[in-house]
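What follows is target_33.json (JSON, C-alpha atoms (C1' of nucleotides)).
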[["chain", "number", "residue", "atom", "x", "y", "z"],
["B", 30, "MET", "CA", 48.44, -23.47, 176.42],
["B", 31, "GLU", "CA", 48.65, -27.14, 176.25],
["B", 32, "HIS", "CA", 49.28, -27.93, 172.65],
["B", 33, "HIS", "CA", 49.62, -31.58, 173.00],
["B", 34, "GLY", "CA", 50.95, -33.06, 169.89],
["B", 35, "GLU", "CA", 49.89, -36.50, 170.85],
["B", 36, "GLY", "CA", 48.41, -37.46, 167.54],
["B", 37, "SER", "CA", 51.62, -38.01, 165.71],
["B", 38, "ILE", "CA", 53.77, -39.30, 168.50],
["B", 39, "SER", "CA", 52.22, -42.29, 170.12],
["B", 40, "SER", "CA", 51.56, -44.15, 166.93],
["B", 41, "ASN", "CA", 53.05, -47.38, 168.12],
["B", 42, "THR", "CA", 49.95, -48.88, 169.57],
["B", 43, "ASP", "CA", 46.44, -48.10, 170.26],
["B", 44, "TYR", "CA", 45.86, -44.94, 172.20],
["B", 45, "MET", "CA", 45.35, -45.06, 175.86],
["B", 46, "ARG", "CA", 42.34, -42.96, 176.31],
["B", 47, "MET", "CA", 44.24, -39.77, 176.80],
["B", 48, "LYS", "CA", 42.81, -38.22, 179.84],
["B", 49, "ARG", "CA", 42.76, -34.76, 178.53],
["B", 50, "SER", "CA", 41.25, -34.81, 175.12],
["B", 51, "LYS", "CA", 37.63, -35.66, 174.56],
["B", 52, "ARG", "CA", 38.18, -35.74, 170.86],
["B", 53, "HIS", "CA", 38.09, -39.04, 169.09],
["B", 54, "THR", "CA", 41.47, -40.33, 168.07],
["B", 55, "PRO", "CA", 42.76, -39.91, 164.52],
["B", 56, "ARG", "CA", 42.51, -43.63, 164.08],
["B", 57, "GLN", "CA", 38.86, -43.68, 165.04],
["B", 58, "ILE", "CA", 38.06, -40.77, 162.81],
["B", 59, "GLN", "CA", 39.89, -42.26, 159.90],
["B", 60, "ARG", "CA", 37.84, -45.41, 160.20],
["B", 61, "LEU", "CA", 34.59, -43.48, 160.52],
["B", 62, "GLU", "CA", 35.35, -41.30, 157.52],
["B", 63, "ALA", "CA", 36.17, -44.34, 155.44],
["B", 64, "LEU", "CA", 32.80, -45.84, 156.08],
["B", 65, "PHE", "CA", 31.06, -42.51, 155.64],
["B", 66, "LYS", "CA", 32.32, -42.28, 152.10],
["B", 67, "ASP", "CA", 30.45, -45.45, 151.26],
["B", 68, "CYS", "CA", 27.31, -44.79, 153.18],
["B", 69, "SER", "CA", 26.30, -41.84, 155.28],
["B", 70, "HIS", "CA", 23.52, -43.75, 156.99],
["B", 71, "PRO", "CA", 25.05, -46.91, 158.38],
["B", 72, "CYS", "CA", 22.74, -49.72, 159.27],
["B", 73, "GLU", "CA", 22.44, -51.23, 162.72],
["B", 74, "GLN", "CA", 25.01, -53.90, 161.96],
["B", 75, "HIS", "CA", 27.66, -51.52, 160.80],
["B", 76, "LYS", "CA", 26.99, -49.32, 163.73],
["B", 77, "LEU", "CA", 27.50, -52.10, 166.24],
["B", 78, "GLN", "CA", 30.56, -53.34, 164.47],
["B", 79, "LEU", "CA", 32.13, -49.92, 164.57],
["B", 80, "SER", "CA", 31.19, -49.61, 168.19],
["B", 81, "ARG", "CA", 33.18, -52.69, 169.11],
["B", 82, "GLU", "CA", 35.99, -52.00, 166.73],
["B", 83, "LEU", "CA", 36.61, -48.45, 167.87],
["B", 84, "ALA", "CA", 35.64, -48.74, 171.51],
["B", 85, "LEU", "CA", 32.95, -46.13, 171.16],
["B", 86, "SER", "CA", 29.41, -46.44, 172.37],
["B", 87, "PRO", "CA", 26.70, -46.97, 169.75],
["B", 88, "ARG", "CA", 25.33, -43.64, 170.80],
["B", 89, "GLN", "CA", 28.64, -42.02, 169.94],
["B", 90, "ILE", "CA", 28.66, -43.65, 166.52],
["B", 91, "ASP", "CA", 25.18, -42.35, 165.97],
["B", 92, "VAL", "CA", 26.08, -38.85, 167.05],
["B", 93, "TRP", "CA", 29.19, -38.83, 164.95],
["B", 94, "PHE", "CA", 27.30, -39.65, 161.79],
["B", 95, "GLN", "CA", 24.61, -37.10, 162.52],
["B", 96, "ASN", "CA", 27.19, -34.38, 163.05],
["B", 97, "LYS", "CA", 29.11, -35.47, 160.01],
["B", 98, "ARG", "CA", 26.09, -35.26, 157.76],
["B", 99, "ALA", "CA", 25.33, -31.76, 158.99],
["B", 100, "GLN", "CA", 28.92, -30.73, 158.52],
["B", 101, "MET", "CA", 29.00, -31.96, 154.95],
["B", 102, "LYS", "CA", 25.90, -30.03, 154.16],
["B", 103, "THR", "CA", 27.19, -26.67, 155.29],
["B", 104, "ARG", "CA", 30.57, -27.42, 153.77],
["B", 105, "GLU", "CA", 28.93, -27.83, 150.37],
["B", 106, "GLU", "CA", 27.21, -24.51, 150.76],
["B", 107, "ARG", "CA", 30.37, -22.70, 151.72],
["B", 108, "TYR", "CA", 31.96, -24.09, 148.60],
["B", 109, "ASP", "CA", 29.11, -23.33, 146.23],
["B", 110, "ASN", "CA", 28.59, -19.76, 147.28],
["B", 111, "PRO", "CA", 31.75, -18.12, 145.93],
["B", 112, "LYS", "CA", 31.52, -20.28, 142.84],
["B", 113, "LEU", "CA", 28.05, -18.96, 142.14],
["B", 114, "ILE", "CA", 29.07, -15.37, 142.68],
["B", 115, "GLU", "CA", 31.91, -15.67, 140.22],
["B", 116, "GLU", "CA", 29.77, -17.34, 137.61],
["B", 117, "ASN", "CA", 27.17, -14.67, 138.12],
["B", 118, "ASP", "CA", 29.61, -11.87, 137.45],
["B", 119, "LYS", "CA", 30.86, -13.44, 134.25],
["B", 120, "ILE", "CA", 27.44, -13.93, 132.76],
["B", 121, "ARG", "CA", 26.53, -10.38, 133.70],
["B", 122, "SER", "CA", 29.51, -8.98, 131.85],
["B", 123, "GLU", "CA", 28.78, -11.09, 128.81],
["B", 124, "ASN", "CA", 25.32, -9.65, 128.94],
["B", 125, "ILE", "CA", 26.66, -6.13, 128.73],
["B", 126, "THR", "CA", 28.97, -7.03, 125.86],
["B", 127, "ILE", "CA", 26.14, -8.41, 123.75],
["B", 128, "ARG", "CA", 23.94, -5.45, 124.57],
["B", 129, "GLU", "CA", 26.61, -3.10, 123.29],
["B", 130, "ALA", "CA", 26.99, -5.16, 120.14],
["B", 131, "LEU", "CA", 23.30, -4.87, 119.54],
["B", 132, "GLU", "CA", 23.48, -1.08, 119.55],
["B", 133, "ASN", "CA", 26.45, -0.85, 117.22],
["B", 134, "VAL", "CA", 25.02, -2.96, 114.49],
["B", 135, "ILE", "CA", 25.74, -1.87, 110.91],
["B", 136, "CYS", "CA", 23.76, -3.16, 107.98],
["B", 137, "SER", "CA", 25.80, -5.21, 105.59],
["B", 138, "THR", "CA", 23.76, -4.58, 102.45],
["B", 139, "CYS", "CA", 23.17, -0.87, 102.55],
["B", 140, "GLY", "CA", 26.39, -0.40, 104.44],
["B", 141, "GLY", "CA", 24.62, 2.32, 106.25],
["B", 142, "PRO", "CA", 24.95, 3.21, 109.88],
["B", 143, "SER", "CA", 21.81, 1.28, 110.43],
["B", 144, "ILE", "CA", 21.53, 1.86, 114.05],
["B", 145, "ASN", "CA", 18.09, 0.62, 114.50],
["B", 146, "VAL", "CA", 16.40, -2.70, 114.52],
["B", 147, "ASP", "CA", 13.29, -4.34, 113.32],
["B", 148, "CYS", "CA", 9.61, -3.85, 113.53],
["B", 149, "ASP", "CA", 7.65, -2.55, 116.43],
["B", 150, "PHE", "CA", 5.05, -5.26, 116.23],
["B", 151, "ASP", "CA", 7.50, -7.94, 116.81],
["B", 152, "GLU", "CA", 7.74, -9.27, 120.29],
["B", 153, "GLN", "CA", 11.47, -9.00, 119.99],
["B", 154, "LYS", "CA", 11.65, -5.45, 121.14],
["B", 155, "LEU", "CA", 9.36, -6.08, 124.05],
["B", 156, "ARG", "CA", 11.40, -8.99, 125.22],
["B", 157, "ILE", "CA", 14.54, -6.96, 125.20],
["B", 158, "GLU", "CA", 12.95, -4.16, 127.14],
["B", 159, "ASN", "CA", 11.65, -6.72, 129.52],
["B", 160, "ALA", "CA", 15.06, -8.16, 130.08],
["B", 161, "GLN", "CA", 16.44, -4.69, 130.65],
["B", 162, "LEU", "CA", 13.85, -3.98, 133.29],
["B", 163, "LYS", "CA", 14.45, -7.22, 135.09],
["B", 164, "GLU", "CA", 18.15, -6.52, 135.10],
["B", 165, "GLU", "CA", 17.62, -3.13, 136.65],
["B", 166, "ASN", "CA", 15.34, -4.69, 139.15],
["B", 167, "PHE", "CA", 18.14, -6.89, 140.39],
["B", 168, "ASN", "CA", 20.71, -4.20, 140.67],
["B", 169, "GLY", "CA", 18.40, -1.76, 142.36],
["Y", 12, "MET", "CA", 29.52, -35.94, 180.06],
["Y", 13, "GLU", "CA", 29.08, -34.01, 183.22],
["Y", 14, "HIS", "CA", 29.50, -30.32, 182.86],
["Y", 15, "HIS", "CA", 29.15, -27.70, 185.45],
["Y", 16, "GLY", "CA", 25.93, -27.15, 187.25],
["Y", 17, "GLU", "CA", 26.36, -23.42, 187.17],
["Y", 18, "GLY", "CA", 24.17, -21.00, 188.99],
["Y", 19, "SER", "CA", 21.18, -21.43, 186.80],
["Y", 20, "ILE", "CA", 18.98, -20.31, 189.60],
["Y", 21, "SER", "CA", 16.53, -18.98, 187.08],
["Y", 22, "SER", "CA", 16.26, -16.08, 189.46],
["Y", 23, "ASN", "CA", 12.84, -15.14, 190.62],
["Y", 24, "THR", "CA", 10.93, -15.95, 187.51],
["Y", 25, "ASP", "CA", 8.96, -18.79, 186.16],
["Y", 26, "TYR", "CA", 11.44, -21.15, 184.57],
["Y", 27, "MET", "CA", 12.19, -23.42, 187.44],
["Y", 28, "ARG", "CA", 10.58, -26.42, 185.93],
["Y", 29, "MET", "CA", 13.22, -27.23, 183.42],
["Y", 30, "LYS", "CA", 15.37, -28.89, 185.98],
["Y", 31, "ARG", "CA", 18.55, -29.69, 184.27],
["Y", 32, "SER", "CA", 17.87, -28.28, 180.90],
["Y", 33, "LYS", "CA", 21.08, -26.94, 179.52],
["Y", 34, "ARG", "CA", 19.23, -24.58, 177.28],
["Y", 35, "HIS", "CA", 19.13, -20.95, 178.22],
["Y", 36, "THR", "CA", 15.71, -19.62, 178.99],
["Y", 37, "PRO", "CA", 13.71, -17.73, 176.38],
["Y", 38, "ARG", "CA", 14.05, -14.62, 178.48],
["Y", 39, "GLN", "CA", 17.82, -14.89, 178.52],
["Y", 40, "ILE", "CA", 17.99, -15.52, 174.82],
["Y", 41, "GLN", "CA", 15.70, -12.65, 174.06],
["Y", 42, "ARG", "CA", 17.96, -10.31, 175.97],
["Y", 43, "LEU", "CA", 21.08, -11.65, 174.31],
["Y", 44, "GLU", "CA", 19.58, -11.40, 170.85],
["Y", 45, "ALA", "CA", 18.56, -7.82, 171.50],
["Y", 46, "LEU", "CA", 22.09, -6.82, 172.29],
["Y", 47, "PHE", "CA", 23.47, -8.88, 169.42],
["Y", 48, "LYS", "CA", 21.50, -6.82, 166.96],
["Y", 49, "ASP", "CA", 23.42, -3.74, 168.05],
["Y", 50, "CYS", "CA", 26.83, -5.29, 168.38],
["Y", 51, "SER", "CA", 28.05, -8.78, 167.78],
["Y", 52, "HIS", "CA", 31.28, -8.24, 169.73],
["Y", 53, "PRO", "CA", 30.26, -6.91, 173.10],
["Y", 54, "CYS", "CA", 32.87, -5.20, 175.19],
["Y", 55, "GLU", "CA", 33.90, -6.28, 178.66],
["Y", 56, "GLN", "CA", 31.41, -3.98, 180.31],
["Y", 57, "HIS", "CA", 28.44, -5.23, 178.40],
["Y", 58, "LYS", "CA", 29.54, -8.76, 179.00],
["Y", 59, "LEU", "CA", 29.72, -8.35, 182.73],
["Y", 60, "GLN", "CA", 26.46, -6.51, 182.86],
["Y", 61, "LEU", "CA", 24.73, -9.30, 180.99],
["Y", 62, "SER", "CA", 26.37, -11.81, 183.24],
["Y", 63, "ARG", "CA", 24.79, -10.27, 186.33],
["Y", 64, "GLU", "CA", 21.53, -9.47, 184.66],
["Y", 65, "LEU", "CA", 20.92, -12.95, 183.30],
["Y", 66, "ALA", "CA", 22.63, -15.05, 185.95],
["Y", 67, "LEU", "CA", 25.03, -16.54, 183.43],
["Y", 68, "SER", "CA", 28.78, -16.78, 183.84],
["Y", 69, "PRO", "CA", 30.90, -14.37, 181.79],
["Y", 70, "ARG", "CA", 32.28, -17.40, 180.06],
["Y", 71, "GLN", "CA", 28.76, -18.39, 179.00],
["Y", 72, "ILE", "CA", 28.11, -14.95, 177.61],
["Y", 73, "ASP", "CA", 31.30, -15.21, 175.66],
["Y", 74, "VAL", "CA", 30.46, -18.62, 174.30],
["Y", 75, "TRP", "CA", 26.94, -17.56, 173.40],
["Y", 76, "PHE", "CA", 28.18, -14.69, 171.27],
["Y", 77, "GLN", "CA", 30.80, -16.84, 169.60],
["Y", 78, "ASN", "CA", 28.21, -19.44, 168.70],
["Y", 79, "LYS", "CA", 25.79, -16.79, 167.58],
["Y", 80, "ARG", "CA", 28.28, -15.25, 165.21],
["Y", 81, "ALA", "CA", 29.01, -18.63, 163.69],
["Y", 82, "GLN", "CA", 25.32, -19.36, 163.38],
["Y", 83, "MET", "CA", 24.66, -16.08, 161.61],
["Y", 84, "LYS", "CA", 27.42, -16.79, 159.18],
["Y", 85, "THR", "CA", 26.07, -20.13, 158.04],
["Y", 86, "ARG", "CA", 22.54, -18.78, 158.08],
["Y", 87, "GLU", "CA", 23.56, -16.06, 155.63],
["Y", 88, "GLU", "CA", 25.10, -18.63, 153.36],
["Y", 89, "ARG", "CA", 22.03, -20.84, 153.43],
["Y", 90, "TYR", "CA", 20.00, -17.80, 152.46],
["Y", 91, "ASP", "CA", 22.31, -16.51, 149.75],
["Y", 92, "ASN", "CA", 22.71, -19.78, 147.94],
["Y", 93, "PRO", "CA", 19.22, -20.19, 146.47],
["Y", 94, "LYS", "CA", 19.07, -16.47, 145.81],
["Y", 95, "LEU", "CA", 22.22, -16.66, 143.75],
["Y", 96, "ILE", "CA", 21.00, -19.65, 141.79],
["Y", 97, "GLU", "CA", 17.78, -17.89, 140.90],
["Y", 98, "GLU", "CA", 19.56, -14.72, 139.89],
["Y", 99, "ASN", "CA", 21.93, -16.78, 137.84],
["Y", 100, "ASP", "CA", 19.13, -18.41, 135.89],
["Y", 101, "LYS", "CA", 17.47, -15.12, 135.10],
["Y", 102, "ILE", "CA", 20.57, -13.45, 133.77],
["Y", 103, "ARG", "CA", 21.29, -16.50, 131.70],
["Y", 104, "SER", "CA", 17.87, -16.37, 130.06],
["Y", 105, "GLU", "CA", 18.22, -12.67, 129.38],
["Y", 106, "ASN", "CA", 21.47, -13.50, 127.73],
["Y", 107, "ILE", "CA", 19.76, -15.88, 125.36],
["Y", 108, "THR", "CA", 17.02, -13.40, 124.58],
["Y", 109, "ILE", "CA", 19.45, -10.70, 123.59],
["Y", 110, "ARG", "CA", 21.48, -13.13, 121.55],
["Y", 111, "GLU", "CA", 18.39, -14.06, 119.57],
["Y", 112, "ALA", "CA", 17.54, -10.43, 119.03],
["Y", 113, "LEU", "CA", 20.98, -9.85, 117.64],
["Y", 114, "GLU", "CA", 20.43, -12.47, 114.98],
["Y", 115, "ASN", "CA", 17.02, -11.26, 113.91],
["Y", 116, "VAL", "CA", 18.03, -7.70, 113.30],
["Y", 117, "ILE", "CA", 16.47, -5.93, 110.34],
["Y", 118, "CYS", "CA", 17.86, -2.73, 108.94],
["Y", 119, "SER", "CA", 15.46, 0.17, 109.30],
["Y", 120, "THR", "CA", 16.75, 2.25, 106.36],
["Y", 121, "CYS", "CA", 17.06, -0.29, 103.63],
["Y", 122, "GLY", "CA", 14.27, -2.31, 105.16],
["Y", 123, "GLY", "CA", 16.13, -5.30, 104.01],
["Y", 124, "PRO", "CA", 16.41, -8.58, 105.80],
["Y", 125, "SER", "CA", 19.80, -7.43, 106.85],
["Y", 126, "ILE", "CA", 20.72, -10.39, 108.84],
["Y", 127, "ASN", "CA", 24.30, -9.62, 109.23],
["Y", 128, "VAL", "CA", 26.28, -7.23, 111.26],
["Y", 129, "ASP", "CA", 29.23, -4.96, 110.89],
["Y", 130, "CYS", "CA", 32.75, -5.25, 109.74],
["Y", 131, "ASP", "CA", 35.16, -8.05, 110.34],
["Y", 132, "PHE", "CA", 37.90, -5.77, 111.55],
["Y", 133, "ASP", "CA", 35.89, -4.47, 114.34],
["Y", 134, "GLU", "CA", 36.47, -5.92, 117.73],
["Y", 135, "GLN", "CA", 32.79, -6.25, 118.11],
["Y", 136, "LYS", "CA", 32.59, -9.59, 116.46],
["Y", 137, "LEU", "CA", 35.50, -10.94, 118.41],
["Y", 138, "ARG", "CA", 34.00, -9.90, 121.64],
["Y", 139, "ILE", "CA", 30.79, -11.66, 120.88],
["Y", 140, "GLU", "CA", 32.55, -14.81, 119.91],
["Y", 141, "ASN", "CA", 34.51, -14.55, 123.05],
["Y", 142, "ALA", "CA", 31.41, -14.28, 125.16],
["Y", 143, "GLN", "CA", 29.97, -17.26, 123.39],
["Y", 144, "LEU", "CA", 33.01, -19.34, 124.13],
["Y", 145, "LYS", "CA", 33.06, -18.39, 127.74],
["Y", 146, "GLU", "CA", 29.44, -19.30, 128.04],
["Y", 147, "GLU", "CA", 30.04, -22.72, 126.56],
["Y", 148, "ASN", "CA", 32.90, -23.14, 128.91],
["Y", 149, "PHE", "CA", 30.55, -22.80, 131.84],
["Y", 150, "ASN", "CA", 27.94, -25.17, 130.63],
["Y", 151, "GLY", "CA", 30.36, -27.81, 129.49],
["C", 13, "DA", "C1'", 67.89, -3.93, 167.53],
["C", 14, "DG", "C1'", 65.63, -8.98, 167.47],
["C", 15, "DT", "C1'", 63.31, -13.41, 168.99],
["C", 16, "DC", "C1'", 60.97, -16.30, 171.85],
["C", 17, "DA", "C1'", 57.33, -17.20, 175.17],
["C", 18, "DT", "C1'", 52.94, -16.25, 176.97],
["C", 19, "DG", "C1'", 48.34, -14.66, 177.24],
["C", 20, "DA", "C1'", 44.04, -12.65, 175.47],
["C", 21, "DC", "C1'", 40.81, -13.09, 172.06],
["C", 22, "DG", "C1'", 39.05, -14.60, 167.59],
["C", 23, "DT", "C1'", 37.24, -18.38, 164.35],
["C", 24, "DA", "C1'", 36.56, -23.20, 162.96],
["C", 25, "DA", "C1'", 35.74, -27.76, 164.09],
["C", 26, "DT", "C1'", 33.71, -30.92, 167.03],
["C", 27, "DA", "C1'", 31.21, -33.68, 170.72],
["C", 28, "DA", "C1'", 27.16, -34.11, 173.07],
["C", 29, "DC", "C1'", 22.70, -32.85, 173.87],
["C", 30, "DA", "C1'", 17.64, -31.27, 172.88],
["C", 31, "DT", "C1'", 13.76, -31.00, 170.06],
["C", 32, "DG", "C1'", 10.47, -31.69, 166.43],
["C", 33, "DA", "C1'", 8.77, -34.25, 162.56],
["W", 6, "DA", "C1'", 13.11, -45.29, 167.24],
["W", 7, "DT", "C1'", 15.74, -42.35, 163.54],
["W", 8, "DC", "C1'", 17.01, -38.26, 161.50],
["W", 9, "DA", "C1'", 17.66, -33.22, 160.48],
["W", 10, "DT", "C1'", 18.44, -29.31, 162.77],
["W", 11, "DG", "C1'", 19.70, -26.15, 166.33],
["W", 12, "DT", "C1'", 22.09, -25.23, 170.82],
["W", 13, "DT", "C1'", 25.69, -25.42, 174.42],
["W", 14, "DA", "C1'", 30.39, -26.23, 175.58],
["W", 15, "DT", "C1'", 34.99, -27.57, 174.61],
["W", 16, "DT", "C1'", 39.03, -27.99, 171.92],
["W", 17, "DA", "C1'", 42.37, -26.69, 168.25],
["W", 18, "DC", "C1'", 44.58, -23.35, 165.79],
["W", 19, "DG", "C1'", 45.64, -18.59, 164.33],
["W", 20, "DT", "C1'", 46.91, -13.74, 165.19],
["W", 21, "DC", "C1'", 48.36, -9.94, 167.66],
["W", 22, "DA", "C1'", 50.23, -7.36, 171.71],
["W", 23, "DT", "C1'", 53.26, -7.36, 175.47],
["W", 24, "DG", "C1'", 57.44, -8.66, 178.00],
["W", 25, "DA", "C1'", 61.75, -10.96, 179.26],
["W", 26, "DC", "C1'", 66.00, -12.22, 177.58]]

Using structure tokens, write down the structure that the file contains.
Amino acid sequence: MEHHGEGSISSNTDYMRMKRSKRHTPRQIQRLEALFKDCSHPCEQHKLQLSRELALSPRQIDVWFQNKRAQMKTREERYDNPKLIEENDKIRSENITIREALENVICSTCGGPSINVDCDFDEQKLRIENAQLKEENFNG
Amino acid sequence: MEHHGEGSISSNTDYMRMKRSKRHTPRQIQRLEALFKDCSHPCEQHKLQLSRELALSPRQIDVWFQNKRAQMKTREERYDNPKLIEENDKIRSENITIREALENVICSTCGGPSINVDCDFDEQKLRIENAQLKEENFNG
DNA sequence: AGTCATGACGTAATAACATGA
DNA sequence: ATCATGTTATTACGTCATGAC
């Protein structure tokens, strides 16, 4: 109900404090955002200046910046999450590829089907087993 | 801003002292949380029942569940993010370990220092290179 | 048939407030 | 006091179902 489209229409002058909407005007927000880009914690002076300039109480300026900082934080997280998941999947599949390569190794000198690897004393084997176990631990 | 003064009569119980606190009482929240665990989208019946039971308007019940769902969503994300980063690191290190193992392979039959792997025609080699490139792509 | 309005209900953003460190 | 964080309430926008034309 009541979709007012005010924002784009009355652009001629400053907004009369539209009775209905408690939102800040686009102009106010634009100004606030501009400052926020430079500094997310405005000093007292900036705060008071904005207060006069935008006809908002200092308290409102304060609240706006607090809310904005919180918003940015969660917005970052929402953005990082899918990125991490994708990256995760890719590395995992690379992992499998290399593991397969390791099993299909063929010796170049004896040309034989040398399926197996080096010594048992070496830590190498242990480390690989270890990695395998940790991997299973995640998936399980 | 002056909002409603709603019938927050706090019924018979103890929480009279918070005069104009807009917070819901612990008892109310406890009850709401309990139902939320079972279903995050309560039907009309449940809503009305809660409304009577907790002396909150149906609208308030509605709003509480909406806010709760949003809260849960961001809470999940906050929790997943560090988990994903940790997982990511571990898989990455496994990756390196296996890669090293692949280079230090020694043939078991000829006992030689068979450093190298199989044929050039095989897709194996390509796949490994591919993985390597993709990996670099991430880090760069 | 369609299409246009309207309402019910959802999420997302936001303003204001409350609290603890 | 200021700030991060969480809570309550409102607004904006989207979708879907229903109904009149």

Provide as a VMD selection string the residues of chain C at most 10 Å from chain Y, counting all atoms listed in the file.
chain C and resid 22 to 24 27 to 30

Which neighbours of DG24 in chain W fall inside 12 Å, counting only C-alpha atoms (C1' of nucleotides), when residues of the same chain fewer than 4 positions from it are skipped, and could you give them as a ChimeraX atom specification?
/C:15-19

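Taking CA of Gln82 in chain Y and CA of Ser51 in chain Y as the two end points, the separation is 11.8 Å.
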
If we count all atoms listed in the file, which residues of chain W reach to within 10 Å of chain B? Please list them as number ranges by chain.
W: 7-10, 15-18

If I take CA of Asn92 in chain Y and CA of Leu113 in chain B, how far is one from the other in Å, to one decimal?
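That distance, rounded to one decimal, is 7.9 Å.
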
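Going from CA of Pro53 in chain Y to CA of Lys79 in chain Y covers 12.2 Å.
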
Kindly provide, as JSON, the centre and edge lengths (Å, one decimal) of an axis-aligned box around all atoms of range 19-26 of chain C given in the file, with 8 Å on each side.
{"center_x": 41.0, "center_y": -21.8, "center_z": 170.1, "size_x": 30.6, "size_y": 34.3, "size_z": 30.3}
